[in-house]
Every structure is written in C-alpha cells, then in structure tokens.
$ cat target_12.cif   # mmCIF, C-alpha atoms (C1' of nucleotides)
data_coords
#
loop_
_atom_site.label_atom_id
_atom_site.label_comp_id
_atom_site.auth_asym_id
_atom_site.auth_seq_id
_atom_site.Cartn_x
_atom_site.Cartn_y
_atom_site.Cartn_z
CA MET B 222 6.04 -7.26 3.63
CA ALA B 223 6.42 -6.06 7.14
CA LEU B 224 2.92 -6.94 8.35
CA ALA B 225 4.13 -10.37 9.45
CA GLN B 226 7.00 -8.80 11.36
CA ALA B 227 4.83 -6.09 12.88
CA ILE B 228 2.56 -8.85 14.20
CA LEU B 229 5.50 -10.82 15.56
CA ALA B 230 6.86 -7.68 17.20
CA ALA B 231 3.53 -6.95 18.87
CA LEU B 232 2.98 -10.57 19.87
CA ILE B 233 6.42 -11.47 21.12
CA ASP B 234 6.15 -9.90 24.55
CA PHE B 235 2.42 -10.37 25.07
CA PRO B 236 0.80 -13.46 23.50
CA CYS B 237 -2.84 -12.79 22.71
CA SER B 238 -5.75 -13.49 20.37
CA GLY B 239 -6.33 -11.99 16.95
CA TYR B 240 -9.02 -9.82 18.39
CA ASP B 241 -6.72 -8.45 21.08
CA LEU B 242 -3.95 -7.96 18.54
CA ALA B 243 -6.23 -5.91 16.34
CA LYS B 244 -7.00 -3.69 19.30
CA ARG B 245 -3.34 -3.50 20.22
CA PHE B 246 -2.58 -2.34 16.70
CA ASP B 247 -4.86 0.63 17.26
CA GLY B 248 -2.83 1.83 20.19
CA SER B 249 0.86 1.24 19.63
CA VAL B 250 2.14 -0.60 16.57
CA GLY B 251 -0.66 1.00 14.61
CA PHE B 252 1.00 4.39 14.92
CA PHE B 253 3.51 3.23 12.32
CA TRP B 254 1.91 0.17 10.74
CA LYS B 255 -1.84 0.16 10.24
CA ALA B 256 -3.72 -3.10 9.74
CA SER B 257 -7.38 -4.06 9.77
CA HIS B 258 -8.61 -7.01 11.77
CA GLN B 259 -9.15 -9.02 8.58
CA GLN B 260 -5.56 -8.51 7.60
CA ILE B 261 -4.41 -9.58 11.04
CA TYR B 262 -6.53 -12.75 11.16
CA ARG B 263 -5.37 -13.81 7.72
CA GLU B 264 -1.74 -13.12 8.50
CA LEU B 265 -1.96 -14.98 11.81
CA ALA B 266 -3.36 -18.06 10.04
CA LYS B 267 -0.50 -17.87 7.55
CA LEU B 268 2.12 -17.46 10.27
CA ASP B 269 0.58 -20.45 12.04
CA THR B 270 0.93 -22.75 9.02
CA GLN B 271 4.50 -21.49 8.54
CA GLY B 272 5.34 -22.29 12.14
CA TRP B 273 6.25 -18.74 13.08
CA VAL B 274 3.53 -18.70 15.74
CA ASN B 275 1.67 -21.29 17.78
CA SER B 276 -2.03 -21.18 18.48
CA GLU B 277 -3.95 -22.61 21.39
CA THR B 278 -7.72 -22.62 21.46
CA ILE B 279 -9.10 -21.31 24.72
CA HIS B 280 -12.63 -22.30 25.60
CA GLN B 281 -14.48 -19.53 27.36
CA SER B 282 -17.82 -19.97 29.03
CA SER B 283 -18.96 -16.39 29.10
CA ARG B 284 -17.60 -15.48 25.66
CA PRO B 285 -16.86 -17.02 22.25
CA ASP B 286 -13.80 -19.28 22.17
CA LYS B 287 -10.58 -17.61 21.22
CA LYS B 288 -7.22 -18.62 19.83
CA LEU B 289 -4.22 -17.53 21.80
CA TYR B 290 -1.23 -16.92 19.58
CA SER B 291 2.40 -16.87 20.69
CA VAL B 292 5.64 -16.47 18.75
CA THR B 293 7.69 -19.66 18.29
CA GLU B 294 11.48 -19.76 18.56
CA PHE B 295 11.56 -20.13 14.80
CA GLY B 296 9.36 -17.06 14.48
CA GLN B 297 11.62 -15.07 16.75
CA LYS B 298 14.63 -16.12 14.68
CA GLN B 299 12.87 -14.98 11.52
CA LEU B 300 12.06 -11.64 13.11
CA VAL B 301 15.64 -11.00 14.15
CA GLU B 302 16.89 -11.98 10.70
CA TRP B 303 14.44 -9.60 9.08
CA ILE B 304 15.59 -6.80 11.35
CA ALA B 305 19.18 -7.41 10.27
CA GLN B 306 18.32 -7.10 6.59
CA PRO B 307 18.88 -3.54 5.37
CA SER B 308 15.67 -1.79 4.35
CA GLU B 309 15.00 1.45 2.54
CA PRO B 310 12.85 4.22 3.94
CA THR B 311 9.25 3.37 3.10
CA PRO B 312 8.15 5.35 0.03
CA GLU B 313 5.87 8.21 0.93
CA LYS B 314 2.24 8.22 -0.08
CA GLU B 315 0.64 11.46 0.99
CA GLU B 316 -2.71 12.43 -0.48
CA ILE B 317 -2.56 15.94 0.89
CA LEU B 318 0.67 16.59 -1.00
CA VAL B 319 -0.91 15.40 -4.23
CA LYS B 320 -3.67 17.90 -3.56
CA ILE B 321 -1.18 20.67 -2.88
CA PHE B 322 0.79 19.74 -5.99
CA ALA B 323 -2.35 20.29 -8.06
CA GLY B 324 -3.49 23.12 -5.81
CA ALA B 325 -3.35 25.84 -8.45
CA HIS B 326 -6.28 24.20 -10.24
CA ALA B 327 -8.65 24.24 -7.27
CA PRO B 328 -10.33 27.14 -5.44
CA ARG B 329 -8.08 28.60 -2.81
CA THR B 330 -10.73 28.29 -0.11
CA VAL B 331 -10.96 24.53 -0.70
CA ILE B 332 -7.21 24.14 -0.30
CA LEU B 333 -7.14 26.22 2.86
CA ALA B 334 -10.05 24.29 4.37
CA GLU B 335 -8.27 21.01 3.71
CA LEU B 336 -5.07 22.35 5.27
CA GLN B 337 -7.02 23.40 8.35
CA ARG B 338 -8.53 19.93 8.62
CA HIS B 339 -5.14 18.32 8.48
CA ARG B 340 -3.70 20.78 10.93
CA HIS B 341 -6.44 19.85 13.35
CA ALA B 342 -5.95 16.11 12.90
CA HIS B 343 -2.23 16.39 13.53
CA GLN B 344 -2.82 18.62 16.51
CA LEU B 345 -4.98 15.92 18.08
CA ARG B 346 -2.43 13.20 17.45
CA LEU B 347 0.34 15.37 18.82
CA ALA B 348 -1.65 15.87 22.01
CA THR B 349 -2.16 12.11 22.33
CA TYR B 350 1.55 11.46 21.96
CA GLN B 351 2.41 14.22 24.42
CA ASP B 352 0.06 12.67 26.95
CA ILE B 353 1.77 9.31 26.58
CA GLU B 354 5.17 10.95 26.94
CA GLN B 355 4.07 12.72 30.10
CA GLN B 356 2.59 9.59 31.61
CA TYR B 357 5.19 6.97 30.84
CA PHE B 358 8.45 8.55 29.76
CA GLN B 359 9.39 11.25 32.21
CA GLN B 360 13.05 10.30 32.63
CA PRO B 361 14.36 8.99 29.31
CA GLN B 362 17.75 8.17 30.84
CA SER B 363 16.41 5.71 33.37
CA LEU B 364 14.30 3.58 31.04
CA SER B 365 14.63 -0.16 30.63
CA VAL B 366 15.86 -1.51 27.30
CA GLN B 367 12.32 -2.38 26.23
CA GLU B 368 11.06 1.02 27.21
CA LYS B 369 13.86 2.82 25.40
CA PHE B 370 12.78 1.30 22.11
CA GLN B 371 9.15 2.14 22.73
CA TYR B 372 10.16 5.65 23.69
CA LEU B 373 12.01 6.05 20.40
CA THR B 374 8.96 5.10 18.35
CA LEU B 375 6.98 7.63 20.35
CA ARG B 376 9.64 10.30 19.74
CA ARG B 377 9.34 9.67 16.00
CA GLY B 378 5.59 10.08 16.26
CA LEU B 379 6.00 13.36 18.08
CA GLY B 380 8.44 14.60 15.45
CA PHE B 381 6.09 13.60 12.65
CA GLU B 382 3.13 15.42 14.06
CA LEU B 383 5.07 18.52 15.02
CA GLY B 384 6.54 18.62 11.51
CA TRP B 385 3.13 18.40 9.91
CA LEU B 386 1.77 21.08 12.19
CA THR B 387 4.61 23.46 11.39
CA TRP B 388 4.18 22.82 7.69
CA CYS B 389 0.40 23.32 7.76
CA ASP B 390 0.94 26.70 9.42
CA GLU B 391 3.55 27.68 6.87
CA ALA B 392 1.30 26.61 4.00
CA ILE B 393 -1.76 28.39 5.35
CA GLN B 394 0.29 31.52 5.86
CA LEU B 395 1.82 31.47 2.37
CA LEU B 396 -1.49 30.76 0.63
CA SER B 397 -3.43 33.36 2.59
CA GLN B 398 -1.25 36.22 1.40
CA ASP B 399 -2.90 36.70 -1.97
CA THR B 400 -6.42 35.78 -3.02
CA ASN B 401 -6.01 35.00 -6.73
CA SER B 402 -7.16 31.62 -8.08
CA MET Z 239 -6.90 5.65 -4.68
CA ALA Z 240 -4.86 8.69 -5.33
CA LEU Z 241 -2.69 7.25 -8.11
CA ALA Z 242 -5.18 8.42 -10.69
CA GLN Z 243 -5.15 11.91 -9.22
CA ALA Z 244 -1.38 12.00 -8.89
CA ILE Z 245 -1.16 11.19 -12.60
CA LEU Z 246 -3.69 13.87 -13.48
CA ALA Z 247 -1.79 16.37 -11.35
CA ALA Z 248 1.48 15.57 -13.06
CA LEU Z 249 -0.06 15.52 -16.53
CA ILE Z 250 -2.28 18.57 -16.32
CA ASP Z 251 0.38 21.17 -16.98
CA PHE Z 252 2.67 19.09 -19.19
CA PRO Z 253 1.01 16.47 -21.43
CA CYS Z 254 3.39 13.62 -22.10
CA SER Z 255 3.75 9.89 -22.72
CA GLY Z 256 3.59 7.11 -20.17
CA TYR Z 257 7.31 6.72 -20.40
CA ASP Z 258 7.92 10.39 -19.70
CA LEU Z 259 5.39 10.34 -16.87
CA ALA Z 260 7.19 7.44 -15.24
CA LYS Z 261 10.40 9.45 -15.35
CA ARG Z 262 8.62 12.54 -14.10
CA PHE Z 263 7.37 10.52 -11.15
CA ASP Z 264 10.96 9.84 -10.19
CA GLY Z 265 11.72 13.53 -9.87
CA SER Z 266 8.80 15.46 -8.45
CA VAL Z 267 5.46 13.77 -7.78
CA GLY Z 268 7.40 10.68 -6.80
CA PHE Z 269 8.67 12.42 -3.68
CA PHE Z 270 5.23 11.93 -2.20
CA TRP Z 271 3.61 9.29 -4.42
CA LYS Z 272 5.74 6.49 -5.80
CA ALA Z 273 4.60 4.48 -8.83
CA SER Z 274 6.25 1.98 -11.14
CA HIS Z 275 5.96 2.24 -14.91
CA GLN Z 276 3.59 -0.72 -15.00
CA GLN Z 277 1.29 1.00 -12.57
CA ILE Z 278 1.38 4.17 -14.62
CA TYR Z 279 0.70 2.47 -17.96
CA ARG Z 280 -2.21 0.52 -16.53
CA GLU Z 281 -3.69 3.55 -14.84
CA LEU Z 282 -3.31 5.69 -17.98
CA ALA Z 283 -5.18 3.06 -20.02
CA LYS Z 284 -7.94 3.08 -17.42
CA LEU Z 285 -8.13 6.86 -17.30
CA ASP Z 286 -8.33 6.84 -21.09
CA THR Z 287 -11.34 4.50 -21.18
CA GLN Z 288 -12.98 6.60 -18.47
CA GLY Z 289 -12.48 9.75 -20.48
CA TRP Z 290 -10.34 11.49 -17.89
CA VAL Z 291 -7.46 11.75 -20.34
CA ASN Z 292 -7.06 11.77 -24.12
CA SER Z 293 -4.35 9.92 -25.96
CA GLU Z 294 -2.80 10.71 -29.30
CA THR Z 295 -0.40 8.31 -30.98
CA ILE Z 296 2.73 10.04 -32.21
CA HIS Z 297 4.68 8.30 -34.94
CA GLN Z 298 8.41 8.73 -34.53
CA SER Z 299 10.94 7.77 -37.13
CA SER Z 300 13.99 7.49 -34.95
CA ARG Z 301 12.22 5.90 -31.97
CA PRO Z 302 9.27 3.67 -31.14
CA ASP Z 303 5.87 5.31 -31.48
CA LYS Z 304 4.51 6.87 -28.35
CA LYS Z 305 1.15 7.91 -26.97
CA LEU Z 306 0.81 11.46 -25.82
CA TYR Z 307 -1.64 11.79 -22.96
CA SER Z 308 -3.42 14.96 -21.91
CA VAL Z 309 -6.05 15.65 -19.26
CA THR Z 310 -9.58 16.24 -20.54
CA GLU Z 311 -11.93 18.86 -19.13
CA PHE Z 312 -13.84 16.05 -17.49
CA GLY Z 313 -10.61 14.76 -15.97
CA GLN Z 314 -9.77 18.18 -14.62
CA LYS Z 315 -13.23 18.44 -13.10
CA GLN Z 316 -12.77 15.06 -11.42
CA LEU Z 317 -9.41 16.14 -10.06
CA VAL Z 318 -10.81 19.33 -8.55
CA GLU Z 319 -13.73 17.42 -7.04
CA TRP Z 320 -11.33 14.92 -5.49
CA ILE Z 321 -9.27 17.73 -4.02
CA ALA Z 322 -12.39 19.16 -2.39
CA GLN Z 323 -13.23 15.86 -0.69
CA PRO Z 324 -11.82 15.76 2.83
CA SER Z 325 -9.10 13.15 3.27
CA GLU Z 326 -7.36 11.75 6.32
CA PRO Z 327 -3.61 11.80 6.78
CA THR Z 328 -2.24 8.72 5.02
CA PRO Z 329 -1.60 5.95 7.55
CA GLU Z 330 2.06 5.50 8.27
CA LYS Z 331 3.89 2.36 7.23
CA GLU Z 332 7.45 2.58 8.41
CA GLU Z 333 9.56 -0.57 8.45
CA ILE Z 334 12.33 1.01 10.47
CA LEU Z 335 9.89 1.76 13.28
CA VAL Z 336 8.72 -1.86 13.31
CA LYS Z 337 12.37 -2.80 13.67
CA ILE Z 338 12.89 -0.34 16.49
CA PHE Z 339 9.71 -1.53 18.18
CA ALA Z 340 11.14 -5.05 18.26
CA GLY Z 341 14.66 -3.72 18.78
CA ALA Z 342 15.18 -5.27 22.21
CA HIS Z 343 15.20 -8.72 20.59
CA ALA Z 344 18.01 -8.01 18.12
CA PRO Z 345 21.71 -7.34 18.67
CA ARG Z 346 22.37 -3.71 19.44
CA THR Z 347 25.01 -3.43 16.70
CA VAL Z 348 22.47 -4.50 14.08
CA ILE Z 349 20.03 -1.83 15.20
CA LEU Z 350 22.68 0.86 15.23
CA ALA Z 351 23.91 -0.13 11.77
CA GLU Z 352 20.38 0.11 10.41
CA LEU Z 353 19.90 3.51 12.01
CA GLN Z 354 23.14 4.71 10.43
CA ARG Z 355 21.99 3.49 7.03
CA HIS Z 356 18.73 5.37 7.36
CA ARG Z 357 20.48 8.45 8.60
CA HIS Z 358 22.65 8.40 5.51
CA ALA Z 359 19.72 7.88 3.15
CA HIS Z 360 17.83 10.80 4.65
CA GLN Z 361 20.94 12.95 4.59
CA LEU Z 362 21.23 12.38 0.85
CA ARG Z 363 17.58 13.22 0.22
CA LEU Z 364 17.84 16.33 2.34
CA ALA Z 365 20.80 17.49 0.30
CA THR Z 366 18.82 16.93 -2.92
CA TYR Z 367 15.91 18.97 -1.64
CA GLN Z 368 18.22 21.72 -0.40
CA ASP Z 369 19.80 21.92 -3.84
CA ILE Z 370 16.39 22.31 -5.45
CA GLU Z 371 15.46 25.00 -2.94
CA GLN Z 372 18.67 26.90 -3.66
CA GLN Z 373 18.21 26.67 -7.41
CA TYR Z 374 14.55 27.43 -7.86
CA PHE Z 375 13.06 28.93 -4.74
CA GLN Z 376 15.28 31.73 -3.52
CA GLN Z 377 12.54 34.29 -2.88
CA PRO Z 378 9.43 32.47 -1.63
CA GLN Z 379 7.44 35.72 -1.55
CA SER Z 380 7.78 36.44 -5.27
CA LEU Z 381 6.72 33.05 -6.59
CA SER Z 382 3.90 32.49 -9.07
CA VAL Z 383 0.84 30.60 -7.87
CA GLN Z 384 2.02 27.40 -9.52
CA GLU Z 385 5.46 27.75 -7.99
CA LYS Z 386 4.07 28.42 -4.53
CA PHE Z 387 2.35 25.06 -4.49
CA GLN Z 388 5.44 23.27 -5.73
CA TYR Z 389 7.48 25.11 -3.14
CA LEU Z 390 5.16 23.87 -0.41
CA THR Z 391 5.57 20.24 -1.41
CA LEU Z 392 9.32 20.80 -1.36
CA ARG Z 393 9.10 22.37 2.09
CA ARG Z 394 7.28 19.29 3.37
CA GLY Z 395 10.01 17.11 1.90
CA LEU Z 396 12.66 19.18 3.66
CA GLY Z 397 10.80 18.92 6.95
CA PHE Z 398 10.43 15.16 6.58
CA GLU Z 399 14.08 14.55 5.97
CA LEU Z 400 15.24 16.91 8.67
CA GLY Z 401 12.87 15.25 11.11
CA TRP Z 402 14.20 11.81 10.27
CA LEU Z 403 17.77 12.99 10.56
CA THR Z 404 17.17 14.52 13.98
CA TRP Z 405 15.43 11.36 15.18
CA CYS Z 406 18.17 9.06 13.87
CA ASP Z 407 20.73 11.07 15.80
CA GLU Z 408 18.62 10.96 18.95
CA ALA Z 409 18.12 7.21 18.60
CA ILE Z 410 21.78 6.48 17.95
CA GLN Z 411 22.72 8.58 20.93
CA LEU Z 412 20.22 6.94 23.28
CA LEU Z 413 21.10 3.41 22.20
CA SER Z 414 24.84 3.95 22.32
CA GLN Z 415 24.79 4.85 26.01
CA ASP Z 416 24.71 1.30 27.34
CA THR Z 417 25.83 -1.88 25.65
CA ASN Z 418 23.49 -4.50 27.09
CA SER Z 419 21.42 -6.72 24.79
"C1'" DA M 891 -38.61 -8.01 24.37
"C1'" DG M 892 -35.64 -5.39 21.76
"C1'" DT M 893 -31.50 -2.57 20.99
"C1'" DG M 894 -26.85 -1.66 21.36
"C1'" DT M 895 -22.20 -2.84 22.52
"C1'" DA M 896 -18.23 -5.80 23.27
"C1'" DT M 897 -16.11 -10.11 22.36
"C1'" DA M 898 -14.38 -13.32 18.73
"C1'" DT M 899 -13.63 -15.24 14.04
"C1'" DT M 900 -14.04 -15.88 9.11
"C1'" DC M 901 -15.47 -15.67 3.99
"C1'" DA M 902 -15.88 -13.77 -0.55
"C1'" DA M 903 -15.19 -10.49 -4.08
"C1'" DA M 904 -13.06 -6.80 -5.89
"C1'" DG M 905 -9.34 -3.80 -6.48
"C1'" DA M 906 -4.39 -2.54 -6.33
"C1'" DA M 907 0.43 -3.51 -6.42
"C1'" DT M 908 4.43 -6.25 -7.38
"C1'" DT M 909 7.37 -9.19 -10.10
"C1'" DG M 910 9.00 -10.95 -14.03
"C1'" DC M 911 8.80 -11.18 -18.56
"C1'" DA M 912 8.19 -9.83 -23.64
"C1'" DT M 913 8.60 -6.85 -27.50
"C1'" DA M 914 10.31 -3.20 -30.52
"C1'" DT M 915 13.80 0.44 -32.40
"C1'" DG M 916 17.98 3.21 -32.54
"C1'" DT M 917 22.42 4.91 -30.85
"C1'" DC M 918 26.91 4.62 -29.18
"C1'" DA M 919 31.08 2.57 -27.81
"C1'" DA M 920 34.27 -1.29 -27.41
"C1'" DT P 1497 29.49 -6.69 -34.77
"C1'" DT P 1498 28.27 -7.43 -30.42
"C1'" DG P 1499 26.64 -5.64 -26.22
"C1'" DA P 1500 24.87 -2.10 -23.43
"C1'" DC P 1501 21.77 1.60 -22.94
"C1'" DA P 1502 17.82 4.68 -23.74
"C1'" DT P 1503 13.33 4.96 -25.66
"C1'" DA P 1504 8.62 3.07 -25.54
"C1'" DT P 1505 4.77 -0.09 -24.30
"C1'" DG P 1506 2.47 -3.98 -22.64
"C1'" DC P 1507 0.94 -8.93 -20.61
"C1'" DA P 1508 0.38 -12.45 -17.11
"C1'" DA P 1509 0.58 -14.38 -12.63
"C1'" DT P 1510 0.78 -13.75 -8.13
"C1'" DT P 1511 0.27 -11.48 -3.96
"C1'" DC P 1512 -1.56 -7.93 -1.05
"C1'" DT P 1513 -5.11 -4.94 0.48
"C1'" DT P 1514 -9.66 -3.23 0.96
"C1'" DT P 1515 -14.55 -3.58 1.50
"C1'" DG P 1516 -18.53 -5.57 2.91
"C1'" DA P 1517 -20.46 -8.73 4.78
"C1'" DA P 1518 -21.89 -13.21 7.93
"C1'" DT P 1519 -21.89 -15.76 12.24
"C1'" DA P 1520 -22.09 -16.41 17.25
"C1'" DT P 1521 -22.29 -15.40 22.41
"C1'" DA P 1522 -23.32 -12.49 26.31
"C1'" DC P 1523 -24.11 -8.45 28.95
"C1'" DA P 1524 -26.39 -4.04 29.89
"C1'" DC P 1525 -29.84 -0.86 29.25
"C1'" DT P 1526 -34.59 0.71 28.19
#

$ encode --input "target_12.cif" --output "structure tokens"
Amino acid sequence: MALAQAILAALIDFPCSGYDLAKRFDGSVGFFWKASHQQIYRELAKLDTQGWVNSETIHQSSRPDKKLYSVTEFGQKQLVEWIAQPSEPTPEKEEILVKIFAGAHAPRTVILAELQRHRHAHQLRLATYQDIEQQYFQQPQSLSVQEKFQYLTLRRGLGFELGWLTWCDEAIQLLSQDTNS
Amino acid sequence: MALAQAILAALIDFPCSGYDLAKRFDGSVGFFWKASHQQIYRELAKLDTQGWVNSETIHQSSRPDKKLYSVTEFGQKQLVEWIAQPSEPTPEKEEILVKIFAGAHAPRTVILAELQRHRHAHQLRLATYQDIEQQYFQQPQSLSVQEKFQYLTLRRGLGFELGWLTWCDEAIQLLSQDTNS
DNA sequence: AGTGTATATTCAAAGAATTGCATATGTCAA
DNA sequence: TTGACATATGCAATTCTTTGAATATACACT
C-alpha cells in the first residue's frame, strides 16, 4: 500500500507531527492520496516500530504535547526503492460512472441533477488548482527540481478536473436532447 | 459501498452467474469499478440474503452447476434510490503521483522509466477504447437510451486515458530538460 | 460561566478488500 | 495419460479502511 510512502513523501522535506501531517494531507498530497487522521496516526506508529521514521516527543506548555516525526535514512531508502518498483495505474473506482452505467433505469432528471452537482464540484477544484498555478508556478521553466515535481502533480490535477468538466458538459448535452425515460 | 450497486447495474439487463459477472467486470463495468471474483461471490451471497437479487441453481451436465442471479424488484428499487443520493467525486488514489511528489529523492532515470511505463499502459487502454468506439458507437446521435449511457462511460474512459497520455508526455519533456539529481 | 474552535492523540468495532488456498468437472492437446 | 486450461464456487486468515467515539489543554468570544 502506498499510504506509508505517501506519508514518507510528505514528511521527508518537512518533519512534523501526526496532526500537522493530517492537515498537510488536506492541501497537497491529499489531492492524489486521501487519508483520515486515524489512518495517519496508525501508519506513523507502524512506521516508527519499523524504523522508517523517528519520533521525538515535544513538550508544549500552551498546548498538548506532540510527537515530531522525521524520516530515517532507512525510511528514505525504502521510499526510493518503492519508487523504483514498477506499478500499474491505480484501478478506477468512480461512483458517478456506476450511476451513469445504470442510468437508463433512473429518472432522467435525477441523472442530470447528479451530473450538475459533479460539474460544480469539479469546477470548484479546478479553480483552486488554477489559483495555485497562478500564485506559485508562473514560469515552469525556471523552477527548482523540487518545484518541478510539485508542479507536475498540480498539472495532473488540472487535467483531471478539466477532463471531468468537459465530460459533464458532454453528458448533460447528450442526455438533454430527448426526454424519454 | 458501490460494489453492490455496480453488481446490480451489471446484472440488471443480463442475469448471469458469479463467474460470468466476474468476467463481465473485466470488460465493461471494470473500467470504472474493479472487483475480484472473491469480492463478487461474497457480495452476491450478501445481496441474495438481503433480497436484492434472486438465485436459481442451474444443473449442467457438461460443466459444474452454476447459480444464475437476477435483480429483484426490490433490488432495482434500491439501485434507483442509491443513484438519486448525491455522491462526491471518488477520492483519488494514484501511486504514480505519490512517486512524482517524492521524485526529487529518486534517480531521474528511474522516474522517467516509470513515466514511460505508464505512458505505454495508457496508450494501450486508449487504443482499446478507441476500437470499441469505432465498432459500436459510430453515430452518437442515433443511439438508444441504453447505448447512450454506455457511450458516456466510454467517453469518460477515453478522456481519462488521453489526459494521462498528455500529462506523461508533458512530464517526460519537463524532466528531460536538465539532468541533475 | 458556558460555548465553540483549534491543537493533539488514541481506541474499539465494524466493514471491506486482499491473498492464498481448496474443490469440482470436462475438454483439448502433447 | 498427463498436464494445462476453462468453467464454476467457496473458505479462511490477514490486512486495510471506515466510523464513531473518548480524552485533554487552551484560547477566544458572549
């Protein structure tokens, strides 16, 4: 499973606590690997016992104590080895496509409403990604190595959302033509 | 979980056995909802006890007996109700993007090789989808209702694969420019 | 004084998925 | 006749994920 590696990838440049990691997952890694805070805490504990990360308890006066996690050399080695192992494209699991597949058995209005909802959701995400692109990635040629890789994940996000948007429009158009079923 | 609904959707027009369903999942529904045969058998048994499907044991002389499953009226009602419930876009889980996110820590050649592998995989899938489009969906305007919905799932598949292909090319191009790290 | 929010971690139970195995029968080719 | 392959279904063990909590501190607002 790639959760361990997603955590290592997020932690490697910026050591932080489980709580911070969970928040970080909402903003960057989470765009392509979602994880709840429970998942993250459990995985961190496991990585700790395996020696892939180190933890250091930080006593805080104004807040609850926290554990600061950082990737060990061994952990980094494991991450690089995992990257080198060939992997298949992750199998798709798309609820909306299951709905469309069975769409002939539901009222047309229901299908169209659901398509509109999705269109809207993807529109919002697209706008978010476009904002990030505007703010941080104006000149793709002059990016640092780190930034180039981050830029590429953002580009994939943009492509995803644009693709969904285009498809939603196509679907709405095709299904609005006739009114039967 | 949408596995139950994916099974209903696949079964509703063509009643069949678990074995046939598993094969069917490889060819159509499986493009957007993967499931192993164990998953399918277990879920069918559950749907049977819940009354969402009926099963009829067919004795075969030349082959092992099989159970023919068909969706009940109650099952169909459940499916339509599920379709009407708003759902969020399925959270992404993409290993290759985790790899790219951590890409600065791995040798550039490894990253490029992995991108090439993915490019190839998506190329193959795109070709498959294009073949299906050529064979069955020449005139999108004159499709039956059933076919329209199937066509739309195919269109999403085409968009997916084309999007991946475009991104792989962009990534390979950007990462080939310099050779550091 | 009470309510809400942010920080910070963890447990327990249930549900889902994966992996590997086990069991049959029949056909076809080497 | 042996081995591989297609048909056909299922169990068991493990792992992974999800859901719903519980616990604790501190600050800000009303």

$ closest_atom_pairs --input "target_12.cif" --of "chain P" --to "stretch 900-903 of chain M" --cutoff "10 Å" --atoms "all atoms listed in the file" --output "Markdown table"
| residue | atom | partner | partner_atom | distance |
| --- | --- | --- | --- | --- |
| P:DT1515 | C1' | M:DA903 | C1' | 8.9 |
| P:DG1516 | C1' | M:DA903 | C1' | 9.2 |
| P:DA1517 | C1' | M:DC901 | C1' | 8.6 |
| P:DA1518 | C1' | M:DC901 | C1' | 7.9 |
| P:DT1519 | C1' | M:DT900 | C1' | 8.5 |

$ write_last_selection --input "target_12.cif" --atoms "C-alpha atoms (C1' of nucleotides)" --output "short mmCIF file (atom, residue, chain, number, x, y, z; two decimals), in the coordinates of the input"
data_model
loop_
_atom_site.label_atom_id
_atom_site.label_comp_id
_atom_site.auth_asym_id
_atom_site.auth_seq_id
_atom_site.Cartn_x
_atom_site.Cartn_y
_atom_site.Cartn_z
"C1'" DT P 1515 -14.55 -3.58 1.50
"C1'" DG P 1516 -18.53 -5.57 2.91
"C1'" DA P 1517 -20.46 -8.73 4.78
"C1'" DA P 1518 -21.89 -13.21 7.93
"C1'" DT P 1519 -21.89 -15.76 12.24
#

$ resolve_selection --input "target_12.cif" --expression "the PyMOL selection byres ((chain Z) within 10 of (chain M))" --output "PyMOL selection string"
chain Z and resi 239+273-274+276-277+299-303

$ resolve_selection --input "target_12.cif" --expression "the PyMOL selection byres ((chain P) within 8 of (chain B))" --output "PDB file with C-alpha atoms (C1' of nucleotides), in the coordinates of the input"
ATOM      1  C1'  DT P1513      -5.110  -4.940   0.480  1.00  0.00           C
ATOM      2  C1'  DA P1520     -22.090 -16.410  17.250  1.00  0.00           C
ATOM      3  C1'  DT P1521     -22.290 -15.400  22.410  1.00  0.00           C
ATOM      4  C1'  DA P1522     -23.320 -12.490  26.310  1.00  0.00           C
TER       5       DA P1522
END

$ closest_residue --input "target_12.cif" --among "B:Gln371, B:Asn275, B:Gln394, B:Gln337" --to "chain Z" --atoms "only C-alpha atoms"
B:Gln371

$ interface_residues --input "target_12.cif" --of "chain Z" --to "chain B" --cutoff "6 Å" --atoms "only C-alpha atoms" --output "ChimeraX atom specification"
/Z:244,247,270-271,318,321-322,328,330-332,336-340,342,344,348,384,387-388

$ atom_distance --input "target_12.cif" --atom1 "atom CA of Z:Leu350" --atom2 "atom CA of B:Gly272"
29.1 Å

$ atom_distance --input "target_12.cif" --atom1 "atom CA of B:Ser238" --atom2 "atom CA of B:Leu347"
29.5 Å

$ atom_distance --input "target_12.cif" --atom1 "atom CA of Z:Thr295" --atom2 "atom CA of Z:Lys261"
19.0 Å

$ closest_residue --input "target_12.cif" --among "B:Asp247, B:His258, B:Phe295, B:Ile393" --to "P:DT1514" --atoms "only C-alpha atoms (C1' of nucleotides)"
B:His258

$ decode --input "target_12.cif" --residues "chain M" --atoms "C-alpha atoms (C1' of nucleotides)" --output "CSV table (one decimal), in the first residue's frame"
chain,number,residue,atom,x,y,z
M,891,DA,C1',-19.7,30.5,33.2
M,892,DG,C1',-20.5,28.3,29.1
M,893,DT,C1',-19.8,27.5,24.1
M,894,DG,C1',-17.1,26.9,20.3
M,895,DT,C1',-12.8,26.2,18.0
M,896,DA,C1',-8.0,24.7,17.4
M,897,DT,C1',-4.5,21.7,18.9
M,898,DA,C1',-3.1,16.8,19.7
M,899,DT,C1',-3.6,11.7,20.2
M,900,DT,C1',-5.7,7.2,20.6
M,901,DC,C1',-9.1,3.2,21.0
M,902,DA,C1',-12.6,0.0,19.6
M,903,DA,C1',-15.7,-2.1,16.4
M,904,DA,C1',-17.3,-3.0,12.2
M,905,DG,C1',-16.9,-3.4,7.4
M,906,DA,C1',-14.2,-4.2,3.1
M,907,DA,C1',-10.5,-6.0,0.4
M,908,DT,C1',-6.7,-8.9,-0.5
M,909,DT,C1',-4.2,-13.3,-0.6
M,910,DG,C1',-3.9,-17.8,-0.8
M,911,DC,C1',-5.9,-21.9,-0.9
M,912,DA,C1',-9.4,-25.7,-1.8
M,913,DT,C1',-12.7,-28.2,-4.6
M,914,DA,C1',-15.1,-30.0,-8.6
M,915,DT,C1',-15.8,-31.3,-13.8
M,916,DG,C1',-14.8,-31.5,-18.7
M,917,DT,C1',-12.1,-30.6,-22.8
M,918,DC,C1',-8.1,-30.5,-25.6
M,919,DA,C1',-3.5,-31.2,-26.9
M,920,DA,C1',1.1,-33.2,-26.4
